[in-house]
Amino acid sequence: MPVMSYIQAVTAALREEMLRDEKVFILGEDVGKKGGVFRATEGLYDEFGEYRVLDTPLSESAIAGVGIGAAMYGMRPVAEMQFADFILPAVNQILSEAARIRYRSNNDWNVPITIRAPYGGGVHGALYHSQSVEAIFANQPGLKIVMPSTPYDVKGLLKSAIRDNDPVLFFEHKRAYRLLKEEVPDEDYTIPIGKADVKREGSDITVITYGLCVHFALQAAEKLAQEGIDVHILDLRTVYPLDQEAIIEAARKTGKVLLITEDNKEGSILSEVAAIIAEHCLFDLDAPIQRLAGPDVPAMPYAPTMEKFFMINPDKCEKAMRDLAEF
Amino acid sequence: MSVKRHEALGLTDTEVIEMFKTMLLARKIDERMWLLNRAGKIPFVISGQGQEAAQVGAAFALDRTKDYIAPYYRDIGVVLTFGMTATELMLSAFAKAEDPNSGGRQMPGHFGQKKNRILTGSSPVATQVPHAVGVALAAKMEKKDFVSFVTLGEGSTNQGDFHEGLNFAGVHQLPVITMVENNRYAISVPYDKQVASSNISIRAKSYGMEGVTVNGNDPLEVYQAVKEARERAIRGDGPSLIEAVTYRLTAHSSDDDDKYRMKEEVAEAKKNDAIVSFKQYLLESGVMTEETLDNLTKEIDTEVNKATDYAEKAPYAKPEDALKFVYEE
Ligand SMILES: Cc1ncc(C[n+]2csc(CCOP(=O)(O)OP(=O)(O)O)c2C)c(N)n1
Ligand SMILES: [Mg+2]
């Protein structure tokens with residue numbers, strides 16, 4: 001099995017899907033000749049040609065809207081937003097159009113589009129190249145939001161997103177792109193959207209998180225294991241709609257729950273996870289639900305001191321996990 | 001005898017009578033909806049009155065067996081031409097389960113019907129422009145010989161999606177025809193407070209496409225412009241922007257008091273009502289007799305009555321149907 005980085009898994013999934021189905025095409029800014037600013041579409045322009053890896057004008061609402069039109073016709077567009085921060089000009093198309101088209105047409109039309117975007121900080125990207133934007137989209141029935149944490153999950157989930165008959169937002173942590181590597185099968189496989197995944201079995205406390213924070217939590221858990229604290233880690237993988245069953249099961253397992261996100265705390269995905277646990281697990285809890293998240297400031301600053309202050313890291317995870325274990 | 005205008009365009013007598021009939025049907029359905037609204041039977045109407053010539057003239061110039069359309073809320077004449085029936089429009093007005101546009105989920109005027117290649121529309125204006133461009137992109141990628149056709153009001157051309165969509169279409173020379181129905185008002189705000197350019201079609205230049213302004217009260221002039229645009233698109237010569245200058249003969253919607261326009265201005269516009277002038281043309285050029293007209297009017301009245309009765313009696317969706325079709329089921 002080849003070892004792949006997180007971004008190589010993105011490219012592999014795109015390429016395999018384009019080979020499998022000629023309706024699949026990519027559109028976005030600099031995705032063609034250049035292969036994307038992060039190189040997620042590297043080599044695909046040469047292999048598939050201009051119209052399957054289309055360099056669009058700098059025009060996010062058109063990238064989404066043209067993709068939606070092509071998807072209604074029966075194509076399988078994979079639109080790239082250069083940075084998640086720049087998805088905002090396309091929000092009307094994503095929410096008013098993509099998310100509502102099946103519902104508003106009473107199932108007559110549907111939009112099989114995947115919109116990929118690199119999100120997240122820790123890369124000296126400052127306010128507009130670091131943000132987590134999932135919460136903006138996470139109360140919009142009709143949309144699905146996938147945020148994978150590992151190269152293996154990236155490949156299987158991106159393939160599922162492209163094959164899905166409804167719109168999927170696929171957020172990739174840009175710091176994970178080259179940081180995370182693992183063995184990824186060459187073969188075709190998919191991972192179901194809407195299913196969370198246990199990344200570590202444990203019996204003392206439960207951590208529920210997603211994206212790059214899964215990686216930080218796993219590192220912290222290894223350290224705590226040496227102190228005899230056994231951590232259970234659930235990776236949400238799909239942050240909307242949430243896998244309620246898996247969340248409830250993971251919370252019940254240890255009765256002590258820590259939720260982690262890199263997003264600002266108030267109104268984040270964690271708020272909904274906490275509400276699900278509060279609704280279903282009152283008598284199973286041995287401690288108040290804890291949240292570790294970014295501070296409620298607009299976005300993370302550029303200077304390394306302030307950026308580090310904002311970001312989640314293994315040390316912060318370790319401390320929050322130990323505190324909860326000792327509660 | 002000289003060649004009649006419609007013959008010069010390659011239209012037969014039967015075809016122009018069909019065009020007139022569709023315009024009149026659109027008008028009669030629309031008028032009935034206002035009556036139903038004022039009688040408290042339907043909550044809302046948004047009208048196409050005054051714009052039927054532009055709508056029907058344009059839609060007749062398309063290929064109704066393969067072109068895709070993304071109409072806006074006034075386009076009753078466009079969707080009728082593309083195969084939606086009076087009954088289906090009435091089902092939508094009454095928000096009944098059988099409404100093919102949305103099963104009673106959307107307000108009237110939010111058209112959509114896949115079997116007739118009518119893309120589903122929403123309320124935020126101009127969002128349909130990039131969709132039509134996307135369909136045209138698919139046509140180019142798949143090397144298919146159809147075009148997409150999208151409409152919007154002149155006020156809506158100030159939206160970003162108009163610019164983003166047309167620029168995209170121009171860059172990739174896509175087979176999409178955009179028709180702006182310039183009725184000179186966006187609700188209460190008149191053209192000169194809405195758009196800084198002297199007309200809409202000159203905007204085409206900056207998108208690298210053909211632009212033309214036509215008399216939207218003349219279905220034959222609009223037909224010709226759209227037909228030529230379609231031929232260009234099919235030849236691979238790219239997109240077109242057509243501005244059809246018309247006037248809105250009703251209030252913006254059933255919820256609008258229309259107090260911002262002078263009564264005289266509206267009365268003057270009614271003199272140019274295309275339903276009257278096109279009828280005149282067909283009678284004077286000997287295409288249609290008074291008797292044909294009488295029969296046709298009666299037929300339409302019956303059709304509208306039947307459609308209204310059917311839709312009024314049709315069932316609503318079950319309450320819990322509100323939960324269906326969020327995702328694929
Ligand atoms: C994005 C957005 N803003 C505001 C509205 C409310 N609105 C509906 S129609 C309309 C005026 C549109 O005028 P125009 O484009 O000229 O079309 P017309 O109604 O005159 O045919 C407005 C402001 C809307 N539907 N969408
Ligand atoms: Mg107007």
# chains A, B, ... in the order shown; residues from 1 in each chain; ligands from 1
$ interface_residues --of "chain A" --to "chain B" --cutoff "8 Å" --atoms "only C-alpha atoms" --output "MDAnalysis selection string"
chainID A and resid 51 56:57 59 61:62 65:73 75 93 96:97 100:109 141:142 165:166
$ residues_near_ligand --ligand "ligand 1" --cutoff "10 Å" --atoms "only C-alpha atoms and all ligand atoms" --output "PDB file with N, CA and C atoms, in the first residue's frame"
ATOM      1  N   ASN A  92     -24.777  32.723  -1.169  1.00  0.00           N
ATOM      2  CA  ASN A  92     -26.153  32.765  -1.679  1.00  0.00           C
ATOM      3  C   ASN A  92     -26.420  31.588  -2.611  1.00  0.00           C
TER       4      ASN A  92
ATOM      5  N   ILE B  46     -47.949  37.292  -8.921  1.00  0.00           N
ATOM      6  CA  ILE B  46     -46.942  38.152  -9.532  1.00  0.00           C
ATOM      7  C   ILE B  46     -47.143  38.016 -11.028  1.00  0.00           C
ATOM      8  N   SER B  47     -47.202  39.149 -11.696  1.00  0.00           N
ATOM      9  CA  SER B  47     -47.828  39.214 -13.000  1.00  0.00           C
ATOM     10  C   SER B  47     -46.850  39.256 -14.159  1.00  0.00           C
ATOM     11  N   GLY B  48     -47.307  38.762 -15.313  1.00  0.00           N
ATOM     12  CA  GLY B  48     -46.535  38.917 -16.546  1.00  0.00           C
ATOM     13  C   GLY B  48     -47.206  39.875 -17.512  1.00  0.00           C
ATOM     14  N   GLN B  51     -45.788  41.884 -20.660  1.00  0.00           N
ATOM     15  CA  GLN B  51     -44.502  41.323 -21.086  1.00  0.00           C
ATOM     16  C   GLN B  51     -44.670  40.039 -21.904  1.00  0.00           C
ATOM     17  N   TYR B  72     -37.659  33.798 -15.115  1.00  0.00           N
ATOM     18  CA  TYR B  72     -37.899  34.504 -13.848  1.00  0.00           C
ATOM     19  C   TYR B  72     -39.401  34.619 -13.602  1.00  0.00           C
ATOM     20  N   TYR B  73     -39.738  35.231 -12.465  1.00  0.00           N
ATOM     21  CA  TYR B  73     -41.114  35.076 -11.962  1.00  0.00           C
ATOM     22  C   TYR B  73     -42.224  35.610 -12.857  1.00  0.00           C
ATOM     23  N   ARG B  74     -41.917  36.516 -13.817  1.00  0.00           N
ATOM     24  CA  ARG B  74     -43.010  37.030 -14.659  1.00  0.00           C
ATOM     25  C   ARG B  74     -43.251  36.182 -15.904  1.00  0.00           C
ATOM     26  N   ASP B  75     -42.444  35.131 -16.086  1.00  0.00           N
ATOM     27  CA  ASP B  75     -42.387  34.458 -17.390  1.00  0.00           C
ATOM     28  C   ASP B  75     -43.456  33.419 -17.657  1.00  0.00           C
ATOM     29  N   SER B 122     -35.693  30.419  -7.768  1.00  0.00           N
ATOM     30  CA  SER B 122     -35.880  30.820  -6.373  1.00  0.00           C
ATOM     31  C   SER B 122     -36.292  32.280  -6.332  1.00  0.00           C
ATOM     32  N   SER B 123     -36.325  32.873  -5.151  1.00  0.00           N
ATOM     33  CA  SER B 123     -36.668  34.289  -5.045  1.00  0.00           C
ATOM     34  C   SER B 123     -35.489  35.252  -5.186  1.00  0.00           C
ATOM     35  N   PRO B 124     -34.337  34.967  -4.617  1.00  0.00           N
ATOM     36  CA  PRO B 124     -33.231  35.932  -4.754  1.00  0.00           C
ATOM     37  C   PRO B 124     -32.916  36.163  -6.245  1.00  0.00           C
ATOM     38  N   VAL B 125     -33.072  37.393  -6.693  1.00  0.00           N
ATOM     39  CA  VAL B 125     -33.007  37.659  -8.129  1.00  0.00           C
ATOM     40  C   VAL B 125     -31.611  37.397  -8.695  1.00  0.00           C
ATOM     41  N   ALA B 126     -31.577  36.987  -9.947  1.00  0.00           N
ATOM     42  CA  ALA B 126     -30.363  36.789 -10.753  1.00  0.00           C
ATOM     43  C   ALA B 126     -29.583  35.515 -10.422  1.00  0.00           C
ATOM     44  N   THR B 127     -29.994  34.775  -9.399  1.00  0.00           N
ATOM     45  CA  THR B 127     -29.300  33.517  -9.075  1.00  0.00           C
ATOM     46  C   THR B 127     -29.394  32.519 -10.233  1.00  0.00           C
ATOM     47  N   THR B 151     -33.779  34.591 -18.249  1.00  0.00           N
ATOM     48  CA  THR B 151     -34.371  35.926 -18.233  1.00  0.00           C
ATOM     49  C   THR B 151     -34.262  36.535 -16.845  1.00  0.00           C
ATOM     50  N   LEU B 152     -34.358  37.839 -16.804  1.00  0.00           N
ATOM     51  CA  LEU B 152     -34.425  38.568 -15.533  1.00  0.00           C
ATOM     52  C   LEU B 152     -34.870  39.996 -15.827  1.00  0.00           C
ATOM     53  N   GLY B 153     -35.208  40.723 -14.768  1.00  0.00           N
ATOM     54  CA  GLY B 153     -35.607  42.113 -14.931  1.00  0.00           C
ATOM     55  C   GLY B 153     -34.397  43.025 -15.007  1.00  0.00           C
ATOM     56  N   GLU B 154     -34.616  44.275 -15.431  1.00  0.00           N
ATOM     57  CA  GLU B 154     -33.487  45.194 -15.598  1.00  0.00           C
ATOM     58  C   GLU B 154     -32.872  45.562 -14.254  1.00  0.00           C
ATOM     59  N   GLY B 155     -33.694  45.675 -13.212  1.00  0.00           N
ATOM     60  CA  GLY B 155     -33.147  45.984 -11.886  1.00  0.00           C
ATOM     61  C   GLY B 155     -32.234  44.870 -11.410  1.00  0.00           C
ATOM     62  N   SER B 156     -32.606  43.657 -11.743  1.00  0.00           N
ATOM     63  CA  SER B 156     -31.831  42.487 -11.299  1.00  0.00           C
ATOM     64  C   SER B 156     -30.476  42.385 -11.986  1.00  0.00           C
ATOM     65  N   THR B 157     -30.281  43.150 -13.064  1.00  0.00           N
ATOM     66  CA  THR B 157     -28.962  43.105 -13.709  1.00  0.00           C
ATOM     67  C   THR B 157     -27.892  43.785 -12.856  1.00  0.00           C
ATOM     68  N   ASN B 158     -28.309  44.423 -11.771  1.00  0.00           N
ATOM     69  CA  ASN B 158     -27.309  45.028 -10.877  1.00  0.00           C
ATOM     70  C   ASN B 158     -26.717  44.038  -9.893  1.00  0.00           C
ATOM     71  N   GLN B 159     -27.249  42.837  -9.872  1.00  0.00           N
ATOM     72  CA  GLN B 159     -26.738  41.813  -8.965  1.00  0.00           C
ATOM     73  C   GLN B 159     -25.392  41.277  -9.456  1.00  0.00           C
ATOM     74  N   GLY B 160     -24.578  40.868  -8.510  1.00  0.00           N
ATOM     75  CA  GLY B 160     -23.292  40.263  -8.849  1.00  0.00           C
ATOM     76  C   GLY B 160     -23.423  39.042  -9.743  1.00  0.00           C
ATOM     77  N   ASP B 161     -24.454  38.244  -9.530  1.00  0.00           N
ATOM     78  CA  ASP B 161     -24.588  37.016 -10.318  1.00  0.00           C
ATOM     79  C   ASP B 161     -24.802  37.287 -11.809  1.00  0.00           C
ATOM     80  N   VAL B 180     -33.071  40.289 -20.944  1.00  0.00           N
ATOM     81  CA  VAL B 180     -33.514  41.173 -19.868  1.00  0.00           C
ATOM     82  C   VAL B 180     -34.852  41.777 -20.276  1.00  0.00           C
ATOM     83  N   GLU B 181     -35.847  41.544 -19.460  1.00  0.00           N
ATOM     84  CA  GLU B 181     -37.158  42.141 -19.723  1.00  0.00           C
ATOM     85  C   GLU B 181     -37.188  43.486 -18.992  1.00  0.00           C
ATOM     86  N   ASN B 182     -36.854  44.517 -19.740  1.00  0.00           N
ATOM     87  CA  ASN B 182     -36.761  45.850 -19.153  1.00  0.00           C
ATOM     88  C   ASN B 182     -38.141  46.508 -19.146  1.00  0.00           C
ATOM     89  N   ASN B 183     -38.798  46.412 -17.988  1.00  0.00           N
ATOM     90  CA  ASN B 183     -40.127  47.019 -17.869  1.00  0.00           C
ATOM     91  C   ASN B 183     -40.056  48.374 -17.157  1.00  0.00           C
ATOM     92  N   ARG B 184     -38.844  48.881 -17.050  1.00  0.00           N
ATOM     93  CA  ARG B 184     -38.557  50.246 -16.612  1.00  0.00           C
ATOM     94  C   ARG B 184     -38.709  50.522 -15.120  1.00  0.00           C
ATOM     95  N   TYR B 185     -39.146  49.529 -14.370  1.00  0.00           N
ATOM     96  CA  TYR B 185     -39.201  49.677 -12.909  1.00  0.00           C
ATOM     97  C   TYR B 185     -38.713  48.403 -12.241  1.00  0.00           C
ATOM     98  N   ALA B 186     -38.072  48.581 -11.103  1.00  0.00           N
ATOM     99  CA  ALA B 186     -37.801  47.464 -10.211  1.00  0.00           C
ATOM    100  C   ALA B 186     -38.600  47.782  -8.944  1.00  0.00           C
ATOM    101  N   ILE B 187     -39.729  47.147  -8.802  1.00  0.00           N
ATOM    102  CA  ILE B 187     -40.797  47.564  -7.883  1.00  0.00           C
ATOM    103  C   ILE B 187     -41.047  49.053  -8.124  1.00  0.00           C
ATOM    104  N   SER B 188     -40.604  49.920  -7.203  1.00  0.00           N
ATOM    105  CA  SER B 188     -40.931  51.346  -7.341  1.00  0.00           C
ATOM    106  C   SER B 188     -39.807  52.170  -7.956  1.00  0.00           C
ATOM    107  N   VAL B 189     -38.635  51.568  -8.091  1.00  0.00           N
ATOM    108  CA  VAL B 189     -37.462  52.355  -8.482  1.00  0.00           C
ATOM    109  C   VAL B 189     -37.305  52.346 -10.008  1.00  0.00           C
ATOM    110  N   PRO B 190     -37.347  53.533 -10.632  1.00  0.00           N
ATOM    111  CA  PRO B 190     -37.311  53.588 -12.092  1.00  0.00           C
ATOM    112  C   PRO B 190     -35.911  53.347 -12.653  1.00  0.00           C
ATOM    113  N   TYR B 191     -35.870  53.094 -13.933  1.00  0.00           N
ATOM    114  CA  TYR B 191     -34.630  52.722 -14.617  1.00  0.00           C
ATOM    115  C   TYR B 191     -33.459  53.649 -14.282  1.00  0.00           C
ATOM    116  N   GLN B 194     -31.648  53.090 -11.202  1.00  0.00           N
ATOM    117  CA  GLN B 194     -31.322  51.689 -11.037  1.00  0.00           C
ATOM    118  C   GLN B 194     -30.054  51.324 -11.806  1.00  0.00           C
ATOM    119  N   THR B 246     -40.128  46.731 -22.405  1.00  0.00           N
ATOM    120  CA  THR B 246     -41.565  46.516 -22.239  1.00  0.00           C
ATOM    121  C   THR B 246     -42.090  47.447 -21.145  1.00  0.00           C
ATOM    122  N   TYR B 247     -43.227  47.104 -20.639  1.00  0.00           N
ATOM    123  CA  TYR B 247     -43.795  47.846 -19.512  1.00  0.00           C
ATOM    124  C   TYR B 247     -44.641  46.875 -18.703  1.00  0.00           C
ATOM    125  N   ARG B 248     -44.608  47.086 -17.402  1.00  0.00           N
ATOM    126  CA  ARG B 248     -45.400  46.236 -16.514  1.00  0.00           C
ATOM    127  C   ARG B 248     -46.779  46.867 -16.371  1.00  0.00           C
ATOM    128  N   ALA B 251     -49.546  46.187 -10.986  1.00  0.00           N
ATOM    129  CA  ALA B 251     -48.641  46.480  -9.871  1.00  0.00           C
ATOM    130  C   ALA B 251     -47.540  45.421  -9.855  1.00  0.00           C
ATOM    131  N   HIS B 252     -46.473  45.681  -9.107  1.00  0.00           N
ATOM    132  CA  HIS B 252     -45.367  44.711  -9.038  1.00  0.00           C
ATOM    133  C   HIS B 252     -45.890  43.323  -8.663  1.00  0.00           C
ATOM    134  N   SER B 253     -46.765  43.290  -7.664  1.00  0.00           N
ATOM    135  CA  SER B 253     -47.359  42.021  -7.231  1.00  0.00           C
ATOM    136  C   SER B 253     -48.679  42.362  -6.552  1.00  0.00           C
TER     137      SER B 253
END
$ atom_distance --atom1 "atom CA of A:Ser268" --atom2 "atom CA of A:Ile208"
13.2 Å
$ atom_distance --atom1 "atom CA of A:Lys253" --atom2 "atom CA of A:Ile205"
8.3 Å
$ residues_around --residues "B:Val226" --least-positions-apart "2" --cutoff "12 Å" --atoms "only C-alpha atoms" --output "ChimeraX atom specification"
/B:9,54-63,147-151,176-180,210-214,216,219-224,228-233,239-244
$ write_last_selection --atoms "C-alpha atoms" --output "tab-separated table (two decimals), in the first residue's frame"
chain	number	residue	atom	x	y	z
B	9	LEU	CA	-38.90	35.54	-40.56
B	54	ALA	CA	-41.28	39.44	-25.26
B	55	GLN	CA	-41.76	36.15	-23.45
B	56	VAL	CA	-43.65	34.29	-26.14
B	57	GLY	CA	-41.67	35.77	-29.02
B	58	ALA	CA	-38.43	34.67	-27.38
B	59	ALA	CA	-39.58	31.20	-26.35
B	60	PHE	CA	-40.90	30.45	-29.84
B	61	ALA	CA	-37.44	31.14	-31.25
B	62	LEU	CA	-35.92	28.40	-29.09
B	63	ASP	CA	-35.96	24.67	-29.71
B	147	VAL	CA	-28.71	26.34	-25.87
B	148	SER	CA	-29.83	27.68	-22.52
B	149	PHE	CA	-32.03	30.74	-22.17
B	150	VAL	CA	-32.29	32.86	-19.05
B	151	THR	CA	-34.37	35.93	-18.23
B	176	VAL	CA	-26.42	30.89	-23.45
B	177	ILE	CA	-28.92	33.62	-24.31
B	178	THR	CA	-29.73	36.14	-21.60
B	179	MET	CA	-32.85	38.21	-22.12
B	180	VAL	CA	-33.51	41.17	-19.87
B	210	GLU	CA	-23.43	40.43	-28.85
B	211	GLY	CA	-25.90	42.84	-27.29
B	212	VAL	CA	-29.08	44.18	-28.79
B	213	THR	CA	-32.07	46.19	-27.60
B	214	VAL	CA	-35.43	45.34	-29.14
B	216	GLY	CA	-40.39	43.99	-26.27
B	219	PRO	CA	-43.19	39.48	-30.55
B	220	LEU	CA	-41.75	39.25	-34.06
B	221	GLU	CA	-38.86	41.57	-33.32
B	222	VAL	CA	-38.03	39.62	-30.17
B	223	TYR	CA	-38.41	36.34	-32.05
B	224	GLN	CA	-35.92	37.49	-34.64
B	228	GLU	CA	-30.33	34.98	-34.45
B	229	ALA	CA	-28.80	34.62	-31.00
B	230	ARG	CA	-29.63	30.93	-30.99
B	231	GLU	CA	-28.06	30.44	-34.42
B	232	ARG	CA	-24.89	32.18	-33.24
B	233	ALA	CA	-24.77	30.01	-30.13
B	239	PRO	CA	-23.50	34.01	-25.86
B	240	SER	CA	-25.84	36.96	-26.45
B	241	LEU	CA	-27.55	39.57	-24.33
B	242	ILE	CA	-30.95	40.79	-25.49
B	243	GLU	CA	-32.81	43.63	-23.87
B	244	ALA	CA	-36.55	43.60	-24.55
$ select_by_dssp --residues "stretch 156-282 of chain A" --states "strand (DSSP E)" --output "PyMOL selection string"
chain A and resi 168-173+181-183+197-200+205-209+231-235+238-240+257-264
$ closest_residue --among "A:Lys144, A:His280, A:Gly28, A:Gly43" --to "A:Ile87" --atoms "only C-alpha atoms"
A:Gly28
$ atom_distance --atom1 "atom CA of B:Gln49" --atom2 "atom CA of B:Ser92"
17.7 Å
$ decode --residues "stretch 233-261 of chain A" --atoms "N, CA and C atoms" --output "PDB file, in the first residue's frame"
ATOM      1  N   ILE A 233     -11.725   8.331  21.478  1.00  0.00           N
ATOM      2  CA  ILE A 233     -11.803   9.474  20.549  1.00  0.00           C
ATOM      3  C   ILE A 233     -12.756   9.162  19.392  1.00  0.00           C
ATOM      4  N   LEU A 234     -13.769  10.007  19.275  1.00  0.00           N
ATOM      5  CA  LEU A 234     -14.718   9.878  18.162  1.00  0.00           C
ATOM      6  C   LEU A 234     -14.473  11.013  17.172  1.00  0.00           C
ATOM      7  N   ASP A 235     -14.237  10.633  15.929  1.00  0.00           N
ATOM      8  CA  ASP A 235     -14.029  11.603  14.841  1.00  0.00           C
ATOM      9  C   ASP A 235     -15.373  11.768  14.121  1.00  0.00           C
ATOM     10  N   LEU A 236     -15.923  12.975  14.144  1.00  0.00           N
ATOM     11  CA  LEU A 236     -17.255  13.183  13.551  1.00  0.00           C
ATOM     12  C   LEU A 236     -17.254  12.920  12.037  1.00  0.00           C
ATOM     13  N   ARG A 237     -16.200  13.300  11.375  1.00  0.00           N
ATOM     14  CA  ARG A 237     -16.042  13.151   9.908  1.00  0.00           C
ATOM     15  C   ARG A 237     -17.076  13.925   9.095  1.00  0.00           C
ATOM     16  N   THR A 238     -18.366  13.704   9.372  1.00  0.00           N
ATOM     17  CA  THR A 238     -19.408  14.531   8.763  1.00  0.00           C
ATOM     18  C   THR A 238     -19.937  15.428   9.872  1.00  0.00           C
ATOM     19  N   VAL A 239     -19.820  16.752   9.707  1.00  0.00           N
ATOM     20  CA  VAL A 239     -20.258  17.641  10.789  1.00  0.00           C
ATOM     21  C   VAL A 239     -21.683  18.135  10.590  1.00  0.00           C
ATOM     22  N   TYR A 240     -22.248  17.850   9.401  1.00  0.00           N
ATOM     23  CA  TYR A 240     -23.664  18.153   9.188  1.00  0.00           C
ATOM     24  C   TYR A 240     -24.200  17.275   8.086  1.00  0.00           C
ATOM     25  N   PRO A 241     -25.326  16.583   8.249  1.00  0.00           N
ATOM     26  CA  PRO A 241     -25.979  16.382   9.536  1.00  0.00           C
ATOM     27  C   PRO A 241     -25.130  15.449  10.412  1.00  0.00           C
ATOM     28  N   LEU A 242     -25.275  15.597  11.728  1.00  0.00           N
ATOM     29  CA  LEU A 242     -24.419  14.859  12.665  1.00  0.00           C
ATOM     30  C   LEU A 242     -24.885  13.418  12.837  1.00  0.00           C
ATOM     31  N   ASP A 243     -23.937  12.549  13.164  1.00  0.00           N
ATOM     32  CA  ASP A 243     -24.218  11.140  13.451  1.00  0.00           C
ATOM     33  C   ASP A 243     -24.618  11.050  14.928  1.00  0.00           C
ATOM     34  N   GLN A 244     -25.883  11.282  15.194  1.00  0.00           N
ATOM     35  CA  GLN A 244     -26.373  11.358  16.582  1.00  0.00           C
ATOM     36  C   GLN A 244     -26.102  10.066  17.353  1.00  0.00           C
ATOM     37  N   GLU A 245     -26.369   8.944  16.705  1.00  0.00           N
ATOM     38  CA  GLU A 245     -26.206   7.647  17.370  1.00  0.00           C
ATOM     39  C   GLU A 245     -24.780   7.465  17.884  1.00  0.00           C
ATOM     40  N   ALA A 246     -23.824   7.766  17.017  1.00  0.00           N
ATOM     41  CA  ALA A 246     -22.422   7.580  17.399  1.00  0.00           C
ATOM     42  C   ALA A 246     -22.033   8.541  18.528  1.00  0.00           C
ATOM     43  N   ILE A 247     -22.573   9.754  18.490  1.00  0.00           N
ATOM     44  CA  ILE A 247     -22.261  10.737  19.533  1.00  0.00           C
ATOM     45  C   ILE A 247     -22.800  10.249  20.880  1.00  0.00           C
ATOM     46  N   ILE A 248     -24.025   9.782  20.874  1.00  0.00           N
ATOM     47  CA  ILE A 248     -24.655   9.315  22.117  1.00  0.00           C
ATOM     48  C   ILE A 248     -23.898   8.106  22.670  1.00  0.00           C
ATOM     49  N   GLU A 249     -23.559   7.192  21.774  1.00  0.00           N
ATOM     50  CA  GLU A 249     -22.842   5.990  22.203  1.00  0.00           C
ATOM     51  C   GLU A 249     -21.482   6.351  22.813  1.00  0.00           C
ATOM     52  N   ALA A 250     -20.788   7.275  22.153  1.00  0.00           N
ATOM     53  CA  ALA A 250     -19.457   7.646  22.646  1.00  0.00           C
ATOM     54  C   ALA A 250     -19.556   8.373  23.987  1.00  0.00           C
ATOM     55  N   ALA A 251     -20.574   9.203  24.161  1.00  0.00           N
ATOM     56  CA  ALA A 251     -20.735   9.932  25.419  1.00  0.00           C
ATOM     57  C   ALA A 251     -21.068   8.966  26.553  1.00  0.00           C
ATOM     58  N   ARG A 252     -21.951   8.007  26.258  1.00  0.00           N
ATOM     59  CA  ARG A 252     -22.354   7.026  27.287  1.00  0.00           C
ATOM     60  C   ARG A 252     -21.187   6.148  27.703  1.00  0.00           C
ATOM     61  N   LYS A 253     -20.293   5.908  26.775  1.00  0.00           N
ATOM     62  CA  LYS A 253     -19.217   4.950  27.030  1.00  0.00           C
ATOM     63  C   LYS A 253     -18.400   5.330  28.265  1.00  0.00           C
ATOM     64  N   THR A 254     -18.090   6.620  28.423  1.00  0.00           N
ATOM     65  CA  THR A 254     -17.239   7.009  29.563  1.00  0.00           C
ATOM     66  C   THR A 254     -17.935   7.965  30.517  1.00  0.00           C
ATOM     67  N   GLY A 255     -18.981   8.624  30.073  1.00  0.00           N
ATOM     68  CA  GLY A 255     -19.696   9.559  30.955  1.00  0.00           C
ATOM     69  C   GLY A 255     -18.968  10.879  31.164  1.00  0.00           C
ATOM     70  N   LYS A 256     -17.816  11.037  30.536  1.00  0.00           N
ATOM     71  CA  LYS A 256     -17.066  12.295  30.642  1.00  0.00           C
ATOM     72  C   LYS A 256     -16.685  12.729  29.230  1.00  0.00           C
ATOM     73  N   VAL A 257     -17.185  13.888  28.834  1.00  0.00           N
ATOM     74  CA  VAL A 257     -17.038  14.254  27.423  1.00  0.00           C
ATOM     75  C   VAL A 257     -16.329  15.592  27.238  1.00  0.00           C
ATOM     76  N   LEU A 258     -15.320  15.573  26.413  1.00  0.00           N
ATOM     77  CA  LEU A 258     -14.632  16.795  25.989  1.00  0.00           C
ATOM     78  C   LEU A 258     -14.841  16.961  24.487  1.00  0.00           C
ATOM     79  N   LEU A 259     -15.291  18.145  24.086  1.00  0.00           N
ATOM     80  CA  LEU A 259     -15.515  18.437  22.671  1.00  0.00           C
ATOM     81  C   LEU A 259     -14.432  19.406  22.214  1.00  0.00           C
ATOM     82  N   ILE A 260     -13.848  19.153  21.051  1.00  0.00           N
ATOM     83  CA  ILE A 260     -12.742  20.007  20.582  1.00  0.00           C
ATOM     84  C   ILE A 260     -12.985  20.478  19.146  1.00  0.00           C
ATOM     85  N   THR A 261     -12.811  21.784  18.944  1.00  0.00           N
ATOM     86  CA  THR A 261     -12.822  22.334  17.584  1.00  0.00           C
ATOM     87  C   THR A 261     -11.830  23.479  17.497  1.00  0.00           C
TER      88      THR A 261
END
